[in-house]
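Source file: run.tsv; contents: TSV, C-alpha atoms.
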chain	number	residue	atom	x	y	z
A	78	MET	CA	48.64	31.72	309.67
A	79	THR	CA	51.31	31.45	307.03
A	80	GLN	CA	53.92	34.10	306.52
A	81	PRO	CA	53.41	36.13	303.32
A	82	VAL	CA	54.37	34.28	300.15
A	83	THR	CA	56.87	36.59	298.47
A	84	PRO	CA	57.44	36.06	294.74
A	85	THR	CA	61.11	36.28	293.85
A	86	ALA	CA	62.30	37.55	290.47
A	87	ASN	CA	63.82	34.74	288.39
A	88	SER	CA	66.71	36.07	286.33
A	89	ALA	CA	66.65	32.99	284.09
A	90	VAL	CA	63.66	34.51	282.29
A	91	ALA	CA	64.37	37.43	279.98
A	92	ASP	CA	61.11	37.99	278.12
A	93	PRO	CA	61.15	41.71	277.24
A	94	THR	CA	57.35	41.91	277.13
A	95	LEU	CA	57.14	41.40	280.91
A	96	PRO	CA	58.65	43.41	283.78
A	97	GLN	CA	62.20	42.23	284.47
A	98	GLN	CA	61.74	42.74	288.21
A	99	GLY	CA	58.52	42.98	290.15
A	100	PRO	CA	56.01	43.00	291.43
A	101	VAL	CA	57.98	42.29	294.58
A	102	PRO	CA	55.51	42.01	297.47
A	103	VAL	CA	56.44	43.30	300.89
A	104	ALA	CA	54.75	42.55	304.19
A	105	SER	CA	51.64	44.59	304.80
A	106	ALA	CA	51.54	46.90	307.80
A	107	ALA	CA	48.05	45.55	308.49
A	108	PRO	CA	48.06	41.89	307.41
A	109	MET	CA	44.73	40.30	306.59
A	110	PRO	CA	44.02	36.85	308.04
A	111	GLY	CA	42.16	35.42	305.03
A	112	LEU	CA	43.45	33.11	302.31
A	113	PHE	CA	43.63	34.53	298.77
A	114	VAL	CA	44.06	32.06	295.88
A	115	SER	CA	43.76	32.71	292.15
A	116	LEU	CA	43.49	30.36	289.17
A	117	GLU	CA	45.00	31.37	285.84
A	118	GLY	CA	45.43	30.04	282.34
A	119	VAL	CA	44.08	30.43	278.83
A	120	ASP	CA	40.44	29.66	278.07
A	121	GLY	CA	39.40	26.02	278.10
A	122	VAL	CA	41.87	24.73	280.70
A	123	GLY	CA	39.28	23.96	283.39
A	124	LYS	CA	39.73	26.81	285.86
A	125	SER	CA	36.04	26.98	286.80
A	126	THR	CA	35.85	23.25	287.54
A	127	GLN	CA	38.90	23.35	289.80
A	128	ALA	CA	37.74	26.54	291.51
A	129	GLN	CA	34.47	24.86	292.45
A	130	ARG	CA	36.32	21.82	293.81
A	131	LEU	CA	38.60	24.05	295.85
A	132	GLN	CA	35.62	25.97	297.21
A	133	ALA	CA	33.92	22.75	298.36
A	134	TYR	CA	37.14	21.45	299.91
A	135	LEU	CA	37.89	24.61	301.90
A	136	GLN	CA	34.29	24.68	303.11
A	137	SER	CA	34.69	21.08	304.27
A	138	ARG	CA	37.60	22.29	306.39
A	139	GLY	CA	35.38	24.84	308.07
A	140	MET	CA	36.34	27.96	306.11
A	141	ARG	CA	34.00	30.62	304.76
A	142	VAL	CA	34.75	30.79	301.04
A	143	HIS	CA	34.04	33.41	298.38
A	144	LEU	CA	34.26	32.07	294.83
A	145	THR	CA	34.55	34.97	292.43
A	146	ARG	CA	35.95	35.91	289.02
A	147	GLU	CA	37.43	38.66	286.90
A	148	PRO	CA	36.02	40.31	285.04
A	149	GLY	CA	32.48	40.20	286.41
A	150	GLY	CA	32.80	39.68	290.17
A	151	THR	CA	30.53	42.63	291.02
A	152	GLU	CA	27.41	44.23	289.57
A	153	LEU	CA	29.59	46.79	287.82
A	154	GLY	CA	31.91	44.02	286.72
A	155	VAL	CA	29.11	42.16	284.95
A	156	ILE	CA	28.56	45.19	282.72
A	157	VAL	CA	32.28	45.58	282.06
A	158	ARG	CA	32.60	41.85	281.34
A	159	GLY	CA	29.96	42.10	278.63
A	160	LEU	CA	31.86	44.91	276.93
A	161	LEU	CA	35.19	43.12	277.13
A	162	LEU	CA	34.05	39.72	275.93
A	163	HIS	CA	31.43	40.69	273.38
A	164	GLY	CA	32.40	44.18	272.28
A	165	VAL	CA	30.17	47.19	271.67
A	166	THR	CA	27.22	47.36	269.28
A	167	ARG	CA	25.54	50.35	267.68
A	168	ASP	CA	21.87	51.17	268.15
A	169	ASP	CA	21.02	49.21	265.01
A	170	GLY	CA	22.73	46.10	266.38
A	171	THR	CA	25.81	46.19	264.15
A	172	PRO	CA	29.27	45.90	265.73
A	173	ALA	CA	31.02	49.15	266.57
A	174	SER	CA	34.76	49.65	266.35
A	175	ASP	CA	36.76	47.13	268.34
A	176	ILE	CA	37.94	48.13	271.81
A	177	SER	CA	41.44	49.59	271.65
A	178	PRO	CA	44.23	47.94	273.69
A	179	ARG	CA	44.53	50.89	276.10
A	180	THR	CA	40.77	51.05	276.60
A	181	GLU	CA	40.70	47.30	277.21
A	182	ALA	CA	43.40	47.58	279.89
A	183	LEU	CA	41.54	50.43	281.60
A	184	LEU	CA	38.27	48.49	281.59
A	185	TYR	CA	39.94	45.48	283.19
A	186	ALA	CA	41.52	47.75	285.81
A	187	ALA	CA	38.17	49.41	286.59
A	188	ASP	CA	36.55	46.01	287.04
A	189	ARG	CA	39.43	44.89	289.29
A	190	ALA	CA	39.42	48.03	291.44
A	191	GLN	CA	35.72	47.62	292.22
A	192	HIS	CA	36.10	43.88	292.75
A	193	VAL	CA	38.93	44.22	295.26
A	194	ALA	CA	37.21	47.04	297.15
A	195	GLN	CA	33.76	45.42	297.22
A	196	VAL	CA	34.53	41.70	297.49
A	197	VAL	CA	38.14	40.64	298.00
A	198	ARG	CA	39.49	42.93	300.72
A	199	PRO	CA	36.39	42.76	302.95
A	200	ALA	CA	36.40	38.95	302.76
A	201	LEU	CA	40.11	38.67	303.56
A	202	ALA	CA	39.79	41.15	306.42
A	203	ALA	CA	37.04	38.93	307.87
A	204	GLY	CA	39.36	35.92	307.75
A	205	ASP	CA	37.57	34.26	304.85
A	206	ALA	CA	39.04	32.49	301.83
A	207	VAL	CA	38.79	34.09	298.40
A	208	ILE	CA	39.15	31.99	295.23
A	209	CYS	CA	39.41	34.16	292.13
A	210	ASP	CA	39.07	32.88	288.56
A	211	ARG	CA	41.66	35.22	286.94
A	212	TYR	CA	43.42	38.17	288.52
A	213	ILE	CA	46.37	40.47	287.71
A	214	ASP	CA	48.39	37.74	286.00
A	215	SER	CA	45.71	37.54	283.32
A	216	SER	CA	46.13	41.24	282.57
A	217	LEU	CA	49.90	40.83	282.32
A	218	ALA	CA	49.53	37.81	280.04
A	219	TYR	CA	46.64	38.96	277.85
A	220	GLN	CA	47.21	42.71	277.64
A	221	ALA	CA	51.02	42.76	277.87
A	222	GLY	CA	51.73	39.34	276.35
A	223	GLY	CA	48.87	38.86	273.93
A	224	ARG	CA	47.88	42.44	273.09
A	225	GLU	CA	51.44	43.75	272.86
A	226	LEU	CA	51.05	46.57	275.38
A	227	THR	CA	53.88	47.71	277.63
A	228	ALA	CA	54.03	45.37	280.61
A	229	ASP	CA	55.01	48.15	283.00
A	230	ASP	CA	51.90	50.14	282.09
A	231	VAL	CA	49.67	47.13	282.74
A	232	LEU	CA	51.49	46.28	285.97
A	233	HIS	CA	51.36	49.76	287.47
A	234	LEU	CA	47.73	50.19	286.46
A	235	SER	CA	46.80	46.90	288.15
A	236	GLU	CA	48.86	47.70	291.25
A	237	TRP	CA	47.13	51.06	291.54
A	238	ALA	CA	43.69	49.54	291.01
A	239	THR	CA	44.18	46.91	293.74
A	240	GLY	CA	46.28	48.86	296.20
A	241	GLY	CA	49.02	46.28	295.63
A	242	LEU	CA	47.05	43.18	296.68
A	243	TRP	CA	48.33	39.82	295.35
A	244	PRO	CA	47.27	36.22	296.03
A	245	ALA	CA	49.33	34.07	298.35
A	246	ARG	CA	49.06	31.28	295.76
A	247	THR	CA	48.23	31.17	292.06
A	248	TYR	CA	47.53	27.94	290.19
A	249	LEU	CA	48.40	28.22	286.50
A	250	LEU	CA	46.60	25.52	284.53
A	251	ASP	CA	48.64	25.03	281.37
A	252	MET	CA	47.50	23.45	278.11
A	253	ASP	CA	48.36	23.68	274.41
A	254	TYR	CA	46.20	25.39	271.79
A	255	GLN	CA	44.81	22.24	270.15
A	256	GLU	CA	43.57	20.71	273.39
A	257	SER	CA	42.19	24.00	274.70
A	258	SER	CA	40.30	24.67	271.45
A	259	ARG	CA	38.84	21.17	271.51
A	260	ARG	CA	37.41	21.75	274.98
A	261	LEU	CA	35.76	25.07	274.20
A	262	THR	CA	32.09	24.92	273.29
A	263	GLY	CA	29.56	27.51	272.16
A	264	GLU	CA	30.14	30.75	270.29
A	265	ALA	CA	33.64	32.18	270.77
A	266	ASP	CA	34.01	35.55	272.51
A	267	ARG	CA	36.51	38.29	271.52
A	268	LEU	CA	39.46	36.64	273.25
A	269	GLU	CA	38.63	33.10	272.16
A	270	SER	CA	38.43	34.33	268.56
A	271	ALA	CA	41.89	35.89	268.58
A	272	GLY	CA	43.57	32.84	266.99
A	273	ALA	CA	46.48	30.49	267.58
A	274	ALA	CA	49.25	33.12	267.51
A	275	PHE	CA	47.54	35.22	270.18
A	276	PHE	CA	46.92	32.07	272.24
A	277	GLU	CA	50.57	31.02	272.10
A	278	ARG	CA	51.84	34.50	273.03
A	279	THR	CA	49.47	34.59	275.96
A	280	ARG	CA	50.30	31.06	277.11
A	281	GLN	CA	54.01	31.83	276.97
A	282	ALA	CA	53.48	35.04	278.92
A	283	PHE	CA	51.77	33.02	281.68
A	284	LEU	CA	54.66	30.55	281.74
A	285	ASP	CA	57.21	33.37	281.89
A	286	LEU	CA	55.39	34.80	284.91
A	287	ALA	CA	55.45	31.39	286.58
A	288	GLN	CA	59.21	31.12	286.05
A	289	ARG	CA	59.74	34.60	287.43
A	290	PHE	CA	57.58	34.03	290.52
A	291	PRO	CA	57.85	30.31	291.33
A	292	GLU	CA	57.04	30.72	295.03
A	293	ARG	CA	53.62	32.16	294.23
A	294	ILE	CA	52.68	30.56	290.90
A	295	LYS	CA	52.41	26.77	290.62
A	296	VAL	CA	52.13	25.38	287.09
A	297	ILE	CA	49.83	22.38	286.69
A	298	ASP	CA	49.44	20.29	283.52
A	299	ALA	CA	45.78	20.86	282.63
A	300	SER	CA	45.84	18.15	279.96
A	301	ALA	CA	45.73	15.59	282.79
A	302	SER	CA	42.40	14.31	284.05
A	303	VAL	CA	40.18	16.53	286.19
A	304	ASP	CA	40.93	14.33	289.21
A	305	GLU	CA	44.69	14.49	288.62
A	306	VAL	CA	44.62	18.27	288.33
A	307	TRP	CA	42.58	18.53	291.50
A	308	ALA	CA	44.97	16.18	293.35
A	309	ALA	CA	47.88	18.48	292.55
A	310	ILE	CA	45.96	21.55	293.76
A	311	LYS	CA	44.74	19.81	296.92
A	312	THR	CA	48.24	18.67	297.86
A	313	ASP	CA	49.54	22.22	297.64
A	314	VAL	CA	46.54	23.75	299.43
A	315	ASP	CA	46.94	21.24	302.26
A	316	ALA	CA	50.56	22.35	302.64
A	317	LEU	CA	49.47	26.00	302.78
A	318	LEU	CA	46.81	25.31	305.39
A	319	ASP	CA	49.07	23.05	307.46
A	320	ALA	CA	51.76	25.71	307.48
A	321	GLY	CA	49.13	28.18	308.61
A	322	ALA	CA	48.13	25.95	311.51
A	323	GLN	CA	51.77	25.56	312.58
A	324	ASN	CA	52.27	29.33	312.56
A	325	ALA	CA	49.01	30.16	314.35
A	326	GLY	CA	49.39	33.26	316.47
A	327	GLN	CA	52.26	34.70	314.47
A	328	SER	CA	51.90	37.91	312.54
A	329	GLY	CA	51.33	37.15	308.89
A	330	SER	CA	48.87	37.04	306.07
A	331	ARG	CA	47.78	34.64	303.36
A	332	ALA	CA	47.46	37.52	300.94
A	333	VAL	CA	50.37	39.69	299.82
A	334	GLU	CA	50.69	43.46	299.75
A	335	SER	CA	53.28	44.80	297.34
A	336	ALA	CA	55.16	47.87	296.32
A	337	PRO	CA	55.18	48.72	292.57
A	338	ALA	CA	58.23	47.80	290.55
A	339	SER	CA	59.21	48.53	286.98
A	340	ALA	CA	61.21	46.91	284.23
A	341	GLU	CA	64.05	49.24	285.07
A	342	GLY	CA	64.30	48.39	288.76
A	343	GLY	CA	62.84	46.61	291.74
A	344	ALA	CA	60.50	47.86	294.43
Show how you would write the structure in this file as structure tokens.
Amino acid sequence: MTQPVTPTANSAVADPTLPQQGPVPVASAAPMPGLFVSLEGVDGVGKSTQAQRLQAYLQSRGMRVHLTREPGGTELGVIVRGLLLHGVTRDDGTPASDISPRTEALLYAADRAQHVAQVVRPALAAGDAVICDRYIDSSLAYQAGGRELTADDVLHLSEWATGGLWPARTYLLDMDYQESSRRLTGEADRLESAGAAFFERTRQAFLDLAQRFPERIKVIDASASVDEVWAAIKTDVDALLDAGAQNAGQSGSRAVESAPASAEGGA
């Protein structure tokens, strides 16, 4: 198994909308043997396609794989996802007031708490792989970066909801607004309808997180072909798995437990 991947704060990034230090994962007292990977990025970058390819590849290497998503990875999450993406309607079918930023953050945290307790932790404890389409980084980017909430509030809420569980690797698929919009089809949901300015704030927030935690987050140019994007992911996954084979028998985990940190100080 690999040793825990520990994101390191990158002082070259000084975006005030994101925590200046943290989260800084520390080794878990009871490491889980499974592999936890997340895929992040704005809508339209191809996360679902790459998640399915990764699932098939890990299965071909003999791993049990759970492909899941946030929001909506549990029965409760499906209900929460509907509220978050499509809003609330009155009995007569007309739209109710929009969901407030604080309420939105709490709904995402509730979905995540149930998801980690019901799906992610049990799978990792069993030694399985978990591939998650969006995780805590999305909350930091969308709620703190795009919705202009305090990053520390979002971070601490997410840490509390998950018990401090972070992926060993996150693949950030990056793409500009024009290309992303061109790829999206069907009726836009609440987030997809937020406009170019919201998109750019959110995209930049993702990139700032990647600069701050380069050991965990790998940025991949999603404007490349599907095969080229997959090749970049596969190369990195192979390195993770090969390192795990070399370290077999050592104490370690391919998921990361962390202690909360704030903008004012580290863990």
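Nearest-residue note for Trp307 (chain A): choosing from A:Ala128, A:Val114, A:Leu144, A:Ala173, the minimum distance belongs to A:Ala128, counting only C-alpha atoms.
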Practice prompt. Have a look at CA of Leu217 (chain A) and CA of Pro178 (chain A) and let me know their distance in Å, one decimal.
Written response: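 Straight-line distance from CA of Leu217 (chain A) to CA of Pro178 (chain A) works out to 12.5 Å.
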Practice prompt. Find the residues near Gln191 (chain A): any atom within 9 Å, counting only C-alpha atoms, skip ones fewer than 2 places away on the same chain, and give them as a PyMOL selection string.
Written response: chain A and resi 150-151+153-154+186-189+193-196+238-239
Considering only C-alpha atoms, tabulate each residue of region 190-268 of chain A that lies at most 12 Å from region 281-295 of chain A along with its nearest interatomic pair and the corresponding distance in Å to one decimal; arrange the rows by chain and ascending residue number and present them as a tab-separated table.
residue	atom	partner	partner_atom	distance
A:Arg211	CA	A:Phe283	CA	11.6
A:Tyr212	CA	A:Phe283	CA	12.0
A:Ile213	CA	A:Phe283	CA	11.0
A:Asp214	CA	A:Phe283	CA	7.2
A:Ser215	CA	A:Phe283	CA	7.7
A:Ser216	CA	A:Phe283	CA	10.0
A:Leu217	CA	A:Ala282	CA	7.6
A:Ala218	CA	A:Ala282	CA	5.0
A:Tyr219	CA	A:Ala282	CA	8.0
A:Gln220	CA	A:Ala282	CA	10.0
A:Ala221	CA	A:Ala282	CA	8.2
A:Gly222	CA	A:Ala282	CA	5.3
A:Gly223	CA	A:Ala282	CA	7.8
A:Arg224	CA	A:Ala282	CA	11.0
A:Glu225	CA	A:Ala282	CA	10.8
A:Ala228	CA	A:Ala282	CA	10.5
A:Trp243	CA	A:Arg293	CA	9.4
A:Pro244	CA	A:Arg293	CA	7.7
A:Ala245	CA	A:Arg293	CA	6.2
A:Arg246	CA	A:Arg293	CA	4.9
A:Thr247	CA	A:Ile294	CA	4.6
A:Tyr248	CA	A:Lys295	CA	5.0
A:Leu249	CA	A:Lys295	CA	5.9
A:Leu250	CA	A:Lys295	CA	8.5
A:Asp251	CA	A:Leu284	CA	8.2
A:Met252	CA	A:Gln281	CA	10.7
A:Asp253	CA	A:Gln281	CA	10.2
A:Tyr254	CA	A:Gln281	CA	11.4
Discussion item. Taking (37.6, 44.3, 274.1) as a centre in this file's frame and 9 Å as the limit, can you find every polymer residue with an atom that close, using all atoms listed in the file, and give them as a ChimeraX atom specification?
Written reply: /A:160-165,175-178,180-182,184,267-268
